[in-house]
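For reference, the structure is listed below as structure tokens.
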Amino acid sequence: MVDLKSQYEKIKPEVDAAIQNVLNNTAFINGPEVKAFQAELEQYLGAKHVIPCANGTDALQIAMMALDLKPGDEVITADFTYVATAEVIALLGLKPVLVDVIPDTFDIDINAIEKAITPKTKAIVPVHLFGQCANMEALMALAKKHNLHVIEDTAQAIGAEYIYADGTRKKAGTIGTIGCTSFFPSKNLGCYGDGGAIFTNDDALAAKIRMIANHGQSVQYVHDSIGVNSRLDSIQAAILRIKLRDLDNYAAARNKAADYYDKAFAGNSKLKTPARAKYSDHVFHQYTLQLNGVDRAALRDFLASKDIPAMIYYPIPLHMQKAYLDPRYKAGDFPVTEKLCDCVVSLPMHTELDEETLKYITSSVLEFCN
Ligand SMILES: *Cc1c(COP(=O)(O)O)cnc(C)c1O
């Protein structure tokens, strides 16, 4: 699905030197590389504060801890997402309230959010799924009306830009109260291990997030709140500094591959290509087709026989996962998500897809789906 090796080969001299530099300096934790990466990411995103942490799941958890949510408070998120989003809500004793998505862009459904709001609702967690922003202008208006926090899960969309109706743009993750991202190796800005970050433009909130990520410590050995231990290490930061410089080029390469796929599959009634929202550009974390009248398992087997991986993101809606079963929800409650889980398939998507590979992949898919 991703070709991290070819990508690494292209930046190997820089990356190897940067890692060696960290080894020479032995500032493995909170060293100058972490501070430099933080400043460079702030600059890139146009965010006032970036707080690096250990992974994207921690980023979401720390964000929710910083908002002082209380057990029983309701947090609304999409039913069609990676489990981490709902996991941290449940882990903190908050109540995950799931809502459906819209079929063509896979975005959280704003009308469904509005219907799910109760007096106990405290926050909304939109997920910028597969590399494209949720409808943030409508979502922020709704949040403002009901005085709710917004935590953007931008683990799959770092670098994507939200496009306002008046044409102004903001980077994904810098619009809500807090933004959270992941630097897992296969993410669009991936390190060579685990990593994550939290963004906010609010000074007081940034200080609190920093404190929570560092054992709730205000001054050394003085702990003002219960925190966690969540750090980005210096080797990962050094690698991320190099890859951040290429992030826009990486997005362009992904878009080029997506355009190739779109063109190849256009007009095939069995393959619905991913829609591009008018309010977001797309960084194509995933290229996800919706199949219509195609045996998905057989297609995957066929592609596998040709050494082409194809993955299902995601096969089971959150409300049907054993860990998240809840008497509030039953099969049929989120028809869009349930249908998507049955019909989506994601094709290889990364920065190193050349035309020959794309041709091989598309002709194989079409061979099966014609
Ligand atoms: C990857 C991902 C996460 C979690 O990030 P980790 O770094 O793996 O903890 C959270 N949300 C979404 C939508 C993701 O894709």
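Here, A, B, ... name the chains of the structure tokens in the order displayed, residue numbers run from 1 inside each chain, and ligands are numbered from 1 in the same displayed order.
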Subject >> Spatial neighbours of Val283 in chain A, max dist 6 Å, only C-alpha atoms, sep filter under 2 positions, as a PyMOL selection string >> reply: chain A and resi 131+160+251+285
**OP:** Could you give me the residues within 8 Å of ligand 1, counting only C-alpha atoms and all ligand atoms, as a PyMOL selection string?
**Re:** chain A and resi 54-60+81-85+127-130+153-156+181-184+187+194-196
Generate the output file for the selected residues, C-alpha atoms, as an mmCIF file, in the first residue's frame.
data_model
loop_
_atom_site.group_PDB
_atom_site.id
_atom_site.type_symbol
_atom_site.label_atom_id
_atom_site.label_comp_id
_atom_site.auth_asym_id
_atom_site.auth_seq_id
_atom_site.Cartn_x
_atom_site.Cartn_y
_atom_site.Cartn_z
ATOM 1 C CA ALA A 54 4.342 10.196 21.231
ATOM 2 C CA ASN A 55 1.600 9.259 18.740
ATOM 3 C CA GLY A 56 -1.706 10.374 17.290
ATOM 4 C CA THR A 57 -3.816 8.493 19.811
ATOM 5 C CA ASP A 58 -2.033 10.258 22.673
ATOM 6 C CA ALA A 59 -2.559 13.565 20.869
ATOM 7 C CA LEU A 60 -6.326 12.991 20.923
ATOM 8 C CA THR A 81 -13.202 6.250 11.256
ATOM 9 C CA TYR A 82 -10.178 4.575 12.746
ATOM 10 C CA VAL A 83 -10.887 3.281 16.243
ATOM 11 C CA ALA A 84 -8.437 5.639 18.008
ATOM 12 C CA THR A 85 -10.880 8.535 17.784
ATOM 13 C CA VAL A 127 -12.059 13.311 11.310
ATOM 14 C CA HIS A 128 -10.482 14.590 8.103
ATOM 15 C CA LEU A 129 -10.746 11.134 6.618
ATOM 16 C CA PHE A 130 -8.534 9.830 3.805
ATOM 17 C CA ASP A 153 -8.449 14.546 14.019
ATOM 18 C CA THR A 154 -6.114 15.323 11.173
ATOM 19 C CA ALA A 155 -4.011 12.158 11.399
ATOM 20 C CA GLN A 156 -4.831 11.458 7.736
ATOM 21 C CA THR A 181 -2.095 14.445 14.130
ATOM 22 C CA SER A 182 -0.038 11.267 13.845
ATOM 23 C CA PHE A 183 3.399 10.703 12.355
ATOM 24 C CA PHE A 184 2.956 6.921 12.069
ATOM 25 C CA LYS A 187 0.826 8.676 7.334
ATOM 26 C CA ASP A 194 5.815 6.506 16.434
ATOM 27 C CA GLY A 195 5.069 10.192 16.732
ATOM 28 C CA GLY A 196 2.264 12.704 16.969
#
Original post:
Which residues in range 105-231 of chain A does DSSP call helix (DSSP H, G or I)? List them as a PyMOL selection string.
Top reply: chain A and resi 110-116+129-131+136-145+203-213
Subject >> Best match for closeness to Asp307 in chain A among A:Pro96, A:Pro348, A:Pro52, A:Gly173, counting only C-alpha atoms >> reply: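 Ranking A:Pro96, A:Pro348, A:Pro52, A:Gly173 by distance to Asp307 in chain A, first place goes to A:Pro348.
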Original post:
What lies within 10 Å of range 253-265 of chain A using only C-alpha atoms, ignoring chain neighbours under 3 positions off, as an NGL selection string?
Top reply: :A and (188 or 247-250 or 268-275 or 281-289 or 347-355 or 357-359 or 361-363 or 365-366 or 369)
Original post:
Ile316 in chain A: which residues within 8 Å, counting only C-alpha atoms, same-chain residues fewer than 2 positions away excluded, as an MDAnalysis selection string?
Top reply: chainID A and resid 314 318 320:321 338 341
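Closest to Ala27 in chain A among A:Glu42, A:Asp233, A:Asp68, A:Glu367 is A:Asp233, based on only C-alpha atoms.
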With only C-alpha atoms as the counted atoms, please give the residues lying no more than 8 Å from Ile62 in chain A, apart from itself and same-chain residues fewer than 2 positions off, as a CSV table (one decimal) with N, CA and C atoms, in the first residue's frame.
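Everything below was put into out-v1.csv:
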chain,number,residue,atom,x,y,z
A,58,ASP,N,-2.3,9.4,21.5
A,58,ASP,CA,-2.0,10.3,22.7
A,58,ASP,C,-2.4,11.7,22.4
A,59,ALA,N,-2.2,12.2,21.2
A,59,ALA,CA,-2.6,13.6,20.9
A,59,ALA,C,-4.0,13.8,21.2
A,60,LEU,N,-4.9,12.9,20.7
A,60,LEU,CA,-6.3,13.0,20.9
A,60,LEU,C,-6.7,12.9,22.4
A,64,MET,N,-8.3,16.0,24.8
A,64,MET,CA,-9.5,15.9,25.6
A,64,MET,C,-9.3,16.1,27.0
A,65,MET,N,-8.1,15.7,27.5
A,65,MET,CA,-7.8,16.0,28.9
A,65,MET,C,-7.6,17.5,29.2
A,66,ALA,N,-7.1,18.2,28.2
A,66,ALA,CA,-6.8,19.6,28.4
A,66,ALA,C,-8.1,20.4,28.4
A,209,ILE,N,-1.7,21.8,27.6
A,209,ILE,CA,-1.4,20.6,26.8
A,209,ILE,C,0.0,20.2,27.1
A,212,ILE,N,0.2,18.6,30.6
A,212,ILE,CA,-0.4,17.3,30.6
A,212,ILE,C,0.5,16.2,29.9
A,213,ALA,N,1.0,16.6,28.8
A,213,ALA,CA,1.9,15.7,28.1
A,213,ALA,C,3.2,15.3,28.9
A,228,VAL,N,0.1,12.6,31.5
A,228,VAL,CA,0.7,11.4,30.9
A,228,VAL,C,2.1,11.6,30.5
Subject >> Among the residues A:Lys339, A:Lys120, A:His146, A:Lys243, the one that comes closest to Lys10 in chain A [using only C-alpha atoms] >> reply: A:Lys243
Return as a short mmCIF file (atom, residue, chain, number, x, y, z; two decimals) with C-alpha atoms, in the first residue's frame the full set of residues in range 89-207 of chain A whose backbone-based DSSP assignment is strand (DSSP E).
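Resulting contents of selection37.cif:
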data_model
loop_
_atom_site.label_atom_id
_atom_site.label_comp_id
_atom_site.auth_asym_id
_atom_site.auth_seq_id
_atom_site.Cartn_x
_atom_site.Cartn_y
_atom_site.Cartn_z
CA LYS A 95 -19.51 9.10 26.19
CA PRO A 96 -18.77 8.63 22.49
CA VAL A 97 -21.79 9.75 20.48
CA LEU A 98 -21.51 8.40 16.96
CA VAL A 99 -22.94 10.00 13.85
CA THR A 121 -22.53 17.47 24.58
CA LYS A 122 -19.17 19.14 25.17
CA ALA A 123 -17.11 18.52 22.06
CA ILE A 124 -17.14 17.42 18.43
CA VAL A 125 -14.28 15.44 16.89
CA HIS A 149 -15.12 22.48 21.62
CA VAL A 150 -13.85 21.11 18.32
CA ILE A 151 -10.95 18.68 18.20
CA GLU A 152 -9.84 18.02 14.63
CA ASP A 153 -8.45 14.55 14.02
CA GLU A 161 -6.18 23.00 3.27
CA TYR A 162 -9.71 23.89 4.18
CA ILE A 163 -11.20 26.32 1.67
CA ARG A 169 -7.62 28.82 3.20
CA LYS A 170 -6.44 27.31 6.46
CA LYS A 171 -4.45 24.17 7.12
CA ILE A 178 -7.32 21.85 18.98
CA GLY A 179 -5.88 19.79 16.11
CA CYS A 180 -4.30 16.36 16.50
CA THR A 181 -2.10 14.44 14.13
CA SER A 182 -0.04 11.27 13.84
CA GLY A 196 2.26 12.70 16.97
CA ALA A 197 1.47 16.34 17.60
CA ILE A 198 -1.20 18.66 18.95
CA PHE A 199 -1.89 22.14 17.52
CA THR A 200 -3.70 25.11 18.99
#
**OP:** Using only C-alpha atoms, find the one residue out of A:Ala18, A:Tyr279, A:Val336, A:Ser364 that sits nearest to Asp301 in chain A.
**Re:** A:Ser364
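When only C-alpha atoms are used to measure the gap to Met1 in chain A, the shortest distance among A:Leu92, A:Gly293, A:Asp326, A:Met311 belongs to A:Met311.
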